Amino acid sequence: MTLDIRLPESDLMALANDFLVAQGLNAPQARSLAAILVAAQRDGSWSHGLQRLPGTRDTMAHPQFNKQADPQPESVSPAAVRVDARFGFSCLAAERGIAVLIEKTKALGIGLLAVNNGFHSTALWPLVERIADSGLVGLSMNPTHAWVAPTGGTKGLLGTNPLAFAWPRKNNPPYVFDFATSAASRADIAMRRNNGQDIPDHWGLNAKGERTTNPAEVLAGAMLPFGGHKGSAIATMIELMAGPLIADRTSRQSQVFDEGVSAAPCHGELLLAFSPDILGGADAFADAETVFAGFSEQGARLPGDRRYQNRMKSAVEGISISRELLDRIRALMG
């Protein structure tokens with residue numbers, strides 16, 4: 001993809017918001033989803049950025065999608081809060097639940113947020129970063145569709161099952177990582193297909209269960225977990241913790257729920273928060289900084305730093321977007 005235009009963040013926010021509202025999505029959902037997509041575009045996470053905006057039309061066409069969903073947090077214990085997304089986009093439900101999660105965690109040292117029945121296709125890091133901005137450690141995970149074969153298997157069983165983590169820092173932006181437990185995200189494979197590029201042969205299998213470098217064959221076959229049996233195990237953990245543990249769908253169940261519409265997966269999301277002040281005490285942040293310093297001492301890049309570098313560049317020069325994608329979004333708005 002050629003990123004040949006730079007626009008101010010406010011312009012892209014207005015474009016994304018107007019696009020979603022034009023499809024009939026209510027204002028709170030449109031604002032929440034637009035903000036996360038633009039944040040990903042701003043930070044150089046293009047596979048999770050505005051490229052996903054046209055596909056929201058397919059998701060909103062699902063017979064059970066609720067364009068007027070107005071999710072509200074429900075406290076279920078001193079440490080836990082639940083938000084039913086009511087079959088709208090999950091990001092608004094998570095956003096509203098995070099405020100309660102932060103309050104509970106600052107009181108107890110640990111908190112849990114369960115988001116149910118949400119259509120989800122965005123990156124996880126923007127929301128765990130918000131948790132870290134409040135001085136807490138954040139962890140988030142969710143299943144997707146059964147696109148990923150377990151190590152040694154040949155057919156989809158697990159989701160891409162992303163995991164995101166954020167640690168707050170006193171004089172620096174939070175340390176944040178976010179990755180799929182598959183060898184590559186489905187969006188990255190789709191981008192390679194759209195650009196006519198091959199993929200590494202450890203990313204997935206064709207419909208016969210054979211390794212392939214053809215991204216279209218992987219999208220029609222099965223993806224593979226990263227790190228062999230280790231990635232498979234982590235993906236299974238996420239499947240259980242963000243599915244049965246919070247009374248929501250597994251990746252297989254999410255795929256059945258889709259009914260062939262090719263909407264974004266509809267499932268649950270688990271967010272956990274921890275208070276370093278309560279659990280770690282006075283030395284928690286200083287000790288953490290010695291770990292981070294160890295990266296720079298040997299010239300290693302701290303995971304997540306690239307996003308902050310792109311964020312600073314976007315603030316000065318504008319956010320990169322391809323002319324082709326921009327024209328497509330505008331055309332779909334009619």
# chains A, B, ... in the order shown; residues from 1 in each chain; ligands from 1
>>> select_by_dssp(residues="stretch 141-210 of chain A", states="strand (DSSP E or B)", output="MDAnalysis selection string")
chainID A and resid 141 148 158 163:167 175:179 182 204:205
>>> residues_around(residues="A:Ala207", least_positions_apart="5", cutoff="9 Å", atoms="only C-alpha atoms", output="PyMOL selection string")
chain A and resi 154-155+217-218+220-222
>>> write_last_selection(atoms="all heavy atoms", output="short mmCIF file (atom, residue, chain, number, x, y, z; two decimals), in the first residue's frame")
data_model
loop_
_atom_site.label_atom_id
_atom_site.label_comp_id
_atom_site.auth_asym_id
_atom_site.auth_seq_id
_atom_site.Cartn_x
_atom_site.Cartn_y
_atom_site.Cartn_z
N THR A 154 -4.54 -29.43 11.08
CA THR A 154 -4.66 -29.00 9.68
C THR A 154 -5.89 -28.13 9.43
O THR A 154 -6.04 -27.61 8.33
CB THR A 154 -4.76 -30.24 8.75
OG1 THR A 154 -5.89 -31.03 9.14
CG2 THR A 154 -3.50 -31.08 8.83
N LYS A 155 -6.74 -27.96 10.43
CA LYS A 155 -7.97 -27.20 10.24
C LYS A 155 -8.15 -26.16 11.34
O LYS A 155 -7.65 -26.33 12.45
CB LYS A 155 -9.18 -28.16 10.23
CG LYS A 155 -9.18 -29.17 9.10
CD LYS A 155 -10.40 -30.08 9.19
CE LYS A 155 -10.38 -31.11 8.07
NZ LYS A 155 -11.55 -32.03 8.16
N GLU A 217 -4.62 -18.65 -0.39
CA GLU A 217 -4.82 -20.04 0.01
C GLU A 217 -4.91 -20.17 1.53
O GLU A 217 -5.69 -20.98 2.05
CB GLU A 217 -3.68 -20.92 -0.53
CG GLU A 217 -3.71 -21.09 -2.05
CD GLU A 217 -2.61 -22.01 -2.54
OE1 GLU A 217 -1.78 -22.45 -1.69
OE2 GLU A 217 -2.57 -22.29 -3.75
N VAL A 218 -4.14 -19.37 2.25
CA VAL A 218 -4.21 -19.40 3.71
C VAL A 218 -5.55 -18.87 4.20
O VAL A 218 -6.16 -19.43 5.12
CB VAL A 218 -3.05 -18.59 4.33
CG1 VAL A 218 -3.24 -18.42 5.84
CG2 VAL A 218 -1.73 -19.28 4.05
N ALA A 220 -8.27 -19.08 2.74
CA ALA A 220 -9.28 -20.10 2.46
C ALA A 220 -9.00 -21.41 3.21
O ALA A 220 -9.86 -22.29 3.25
CB ALA A 220 -9.31 -20.39 0.95
N GLY A 221 -7.80 -21.52 3.80
CA GLY A 221 -7.43 -22.72 4.53
C GLY A 221 -7.38 -22.48 6.02
O GLY A 221 -8.41 -22.29 6.66
N ALA A 222 -6.17 -22.45 6.59
CA ALA A 222 -6.02 -22.23 8.02
C ALA A 222 -4.72 -21.50 8.31
O ALA A 222 -3.70 -21.74 7.66
CB ALA A 222 -6.05 -23.55 8.79
#
>>> closest_residue(among="A:Ala30, A:Val148, A:Leu124, A:Leu219", to="A:Ser251", atoms="only C-alpha atoms")
A:Val148
>>> closest_atom_pairs(of="stretch 168-210 of chain A", to="stretch 227-235 of chain A", cutoff="8 Å", atoms="only C-alpha atoms", output="CSV")
residue,atom,partner,partner_atom,distance
A:Thr181,CA,A:Gly231,CA,5.7
A:Ser182,CA,A:Gly231,CA,7.1
A:Ala183,CA,A:Gly227,CA,7.5
>>> write_last_selection(atoms="N, CA, C and O atoms", output="PDB file, in the first residue's frame")
ATOM      1  N   THR A 181      -1.837 -14.238  18.501  1.00  0.00           N
ATOM      2  CA  THR A 181      -1.110 -15.468  18.808  1.00  0.00           C
ATOM      3  C   THR A 181      -0.941 -16.324  17.560  1.00  0.00           C
ATOM      4  O   THR A 181      -0.294 -17.368  17.606  1.00  0.00           O
ATOM      5  N   SER A 182      -1.520 -15.900  16.443  1.00  0.00           N
ATOM      6  CA  SER A 182      -1.214 -16.514  15.153  1.00  0.00           C
ATOM      7  C   SER A 182       0.112 -15.945  14.654  1.00  0.00           C
ATOM      8  O   SER A 182       0.576 -14.903  15.131  1.00  0.00           O
ATOM      9  N   ALA A 183       0.733 -16.621  13.700  1.00  0.00           N
ATOM     10  CA  ALA A 183       2.038 -16.183  13.199  1.00  0.00           C
ATOM     11  C   ALA A 183       1.972 -14.790  12.583  1.00  0.00           C
ATOM     12  O   ALA A 183       2.959 -14.057  12.561  1.00  0.00           O
TER      13      ALA A 183
END
>>> select_by_dssp(residues="stretch 18-205 of chain A", states="helix (DSSP H, G or I)", output="PyMOL selection string")
chain A and resi 18-22+27-42+46-48+50-52+56-60+90-108+125-133+186-194
>>> closest_atom_pairs(of="stretch 155-264 of chain A", to="stretch 52-58 of chain A", cutoff="8 Å", atoms="only C-alpha atoms", output="tab-separated table")
residue	atom	partner	partner_atom	distance
A:Val261	CA	A:Asp58	CA	7.4
A:Ser262	CA	A:Asp58	CA	6.9
A:Ala263	CA	A:Asp58	CA	5.4
A:Ala264	CA	A:Thr56	CA	7.8
>>> residues_around(residues="stretch 104-117 of chain A", least_positions_apart="6", cutoff="9 Å", atoms="only C-alpha atoms", output="CSV table (one decimal) with C-alpha atoms, in the first residue's frame")
chain,number,residue,atom,x,y,z
A,78,PRO,CA,-16.2,-5.6,44.3
A,79,ALA,CA,-13.5,-6.5,41.7
A,80,ALA,CA,-15.5,-7.3,38.6
A,81,VAL,CA,-17.6,-5.3,36.1
A,82,ARG,CA,-19.5,-6.6,33.1
A,83,VAL,CA,-20.7,-4.7,30.0
A,84,ASP,CA,-23.1,-6.3,27.5
A,85,ALA,CA,-22.2,-4.7,24.1
A,86,ARG,CA,-25.7,-5.6,23.0
A,87,PHE,CA,-24.5,-6.7,19.6
A,88,GLY,CA,-23.0,-3.4,18.6
A,89,PHE,CA,-19.2,-2.8,18.2
A,90,SER,CA,-17.4,-3.9,21.4
A,93,ALA,CA,-18.7,-1.2,25.8
A,94,ALA,CA,-15.1,-1.7,26.7
A,97,GLY,CA,-16.5,-0.4,31.4
A,98,ILE,CA,-12.8,0.8,31.7
A,136,LEU,CA,-2.5,0.8,36.3
A,242,ALA,CA,-12.1,-14.7,27.0
A,246,ILE,CA,-16.8,-14.8,31.0
A,247,ALA,CA,-19.8,-16.7,29.5
A,248,ASP,CA,-19.2,-15.8,25.9
A,249,ARG,CA,-18.5,-17.5,22.6
A,266,CYS,CA,-18.9,-11.4,17.7
A,267,HIS,CA,-17.6,-12.6,21.0
A,268,GLY,CA,-16.4,-11.5,24.4
A,269,GLU,CA,-13.3,-9.5,25.6
A,270,LEU,CA,-11.5,-9.8,28.9
A,271,LEU,CA,-9.7,-6.9,30.4
A,272,LEU,CA,-7.7,-7.2,33.6
A,273,ALA,CA,-6.1,-4.3,35.6
A,274,PHE,CA,-3.6,-4.3,38.4
A,275,SER,CA,-2.3,-1.5,40.7
A,276,PRO,CA,1.5,-1.4,41.0
A,277,ASP,CA,1.0,1.1,43.9
A,278,ILE,CA,-1.0,-1.4,46.0
A,279,LEU,CA,0.6,-4.7,44.9
>>> residues_around(residues="A:Ala40", least_positions_apart="3", cutoff="8 Å", atoms="only C-alpha atoms", output="tab-separated table (two decimals) with N, CA, C and O atoms, in the first residue's frame")
chain	number	residue	atom	x	y	z
A	36	ILE	N	-10.57	4.71	17.64
A	36	ILE	CA	-9.62	3.60	17.70
A	36	ILE	C	-9.00	3.33	16.33
A	36	ILE	O	-7.80	3.07	16.21
A	37	LEU	N	-9.80	3.42	15.27
A	37	LEU	CA	-9.26	3.21	13.93
A	37	LEU	C	-8.27	4.30	13.56
A	37	LEU	O	-7.21	4.02	12.97
A	43	ASP	N	-0.58	5.73	14.48
A	43	ASP	CA	0.61	5.09	15.05
A	43	ASP	C	1.26	4.08	14.10
A	43	ASP	O	2.16	3.34	14.50
A	44	GLY	N	0.81	4.05	12.85
A	44	GLY	CA	1.44	3.18	11.86
A	44	GLY	C	0.95	1.75	11.86
A	44	GLY	O	1.53	0.90	11.18
A	45	SER	N	-0.13	1.45	12.61
A	45	SER	CA	-0.71	0.10	12.61
A	45	SER	C	-1.75	0.03	11.50
A	45	SER	O	-2.95	-0.08	11.76
A	46	TRP	N	-1.28	0.10	10.26
A	46	TRP	CA	-2.19	0.30	9.13
A	46	TRP	C	-3.16	-0.86	8.91
A	46	TRP	O	-4.29	-0.64	8.48
A	48	HIS	N	-4.73	-2.35	11.08
A	48	HIS	CA	-5.83	-2.18	12.03
A	48	HIS	C	-6.39	-0.76	11.99
A	48	HIS	O	-7.17	-0.38	12.87
A	49	GLY	N	-6.00	0.00	10.98
A	49	GLY	CA	-6.43	1.38	10.89
A	49	GLY	C	-7.64	1.56	9.99
A	49	GLY	O	-8.57	0.74	9.97
A	50	LEU	N	-7.61	2.63	9.20
A	50	LEU	CA	-8.78	2.98	8.39
A	50	LEU	C	-9.04	1.98	7.27
A	50	LEU	O	-10.10	2.02	6.65
A	123	ALA	N	-7.71	-3.06	17.05
A	123	ALA	CA	-6.55	-3.39	17.89
A	123	ALA	C	-6.92	-3.27	19.36
A	123	ALA	O	-7.81	-2.49	19.74
A	126	PRO	N	-5.11	0.35	22.11
A	126	PRO	CA	-5.58	1.67	22.54
A	126	PRO	C	-6.29	1.66	23.89
A	126	PRO	O	-6.20	2.62	24.66
>>> residues_around(residues="stretch 198-204 of chain A", least_positions_apart="4", cutoff="7 Å", atoms="only C-alpha atoms", output="list in words")
Ala183, Ala184, Arg192, Arg211, Thr212, Thr213, Asn214, Pro215, Val218, Ala222, Met223 and Leu224 of chain A
>>> residues_around(residues="A:Leu127", least_positions_apart="2", cutoff="10 Å", atoms="only C-alpha atoms", output="ChimeraX atom specification")
/A:36,91,94-95,98,123-125,129-133,138-140,164-166,271
>>> closest_residue(among="A:Met60, A:Ile319, A:Leu205, A:Val291", to="A:Pro150", atoms="only C-alpha atoms")
A:Leu205
>>> atom_distance(atom1="atom CA of A:Ile238", atom2="atom CA of A:Ala69")
26.1 Å
>>> residues_around(residues="A:Ile5", least_positions_apart="6", cutoff="9 Å", atoms="only C-alpha atoms", output="list in words")
Gly318, Ile319, Ser320, Ile321, Ser322, Arg323 and Leu326 of chain A
>>> write_last_selection(atoms="C-alpha atoms", output="PDB file, in the first residue's frame")
ATOM      1  CA  GLY A 318      -0.176  14.576   9.583  1.00  0.00           C
ATOM      2  CA  ILE A 319      -1.345  10.966   9.446  1.00  0.00           C
ATOM      3  CA  SER A 320      -0.403   8.840   6.427  1.00  0.00           C
ATOM      4  CA  ILE A 321      -3.158   7.256   4.354  1.00  0.00           C
ATOM      5  CA  SER A 322      -3.225   5.954   0.808  1.00  0.00           C
ATOM      6  CA  ARG A 323      -5.070   7.966  -1.809  1.00  0.00           C
ATOM      7  CA  LEU A 326      -9.244   7.591   0.969  1.00  0.00           C
TER       8      LEU A 326
END
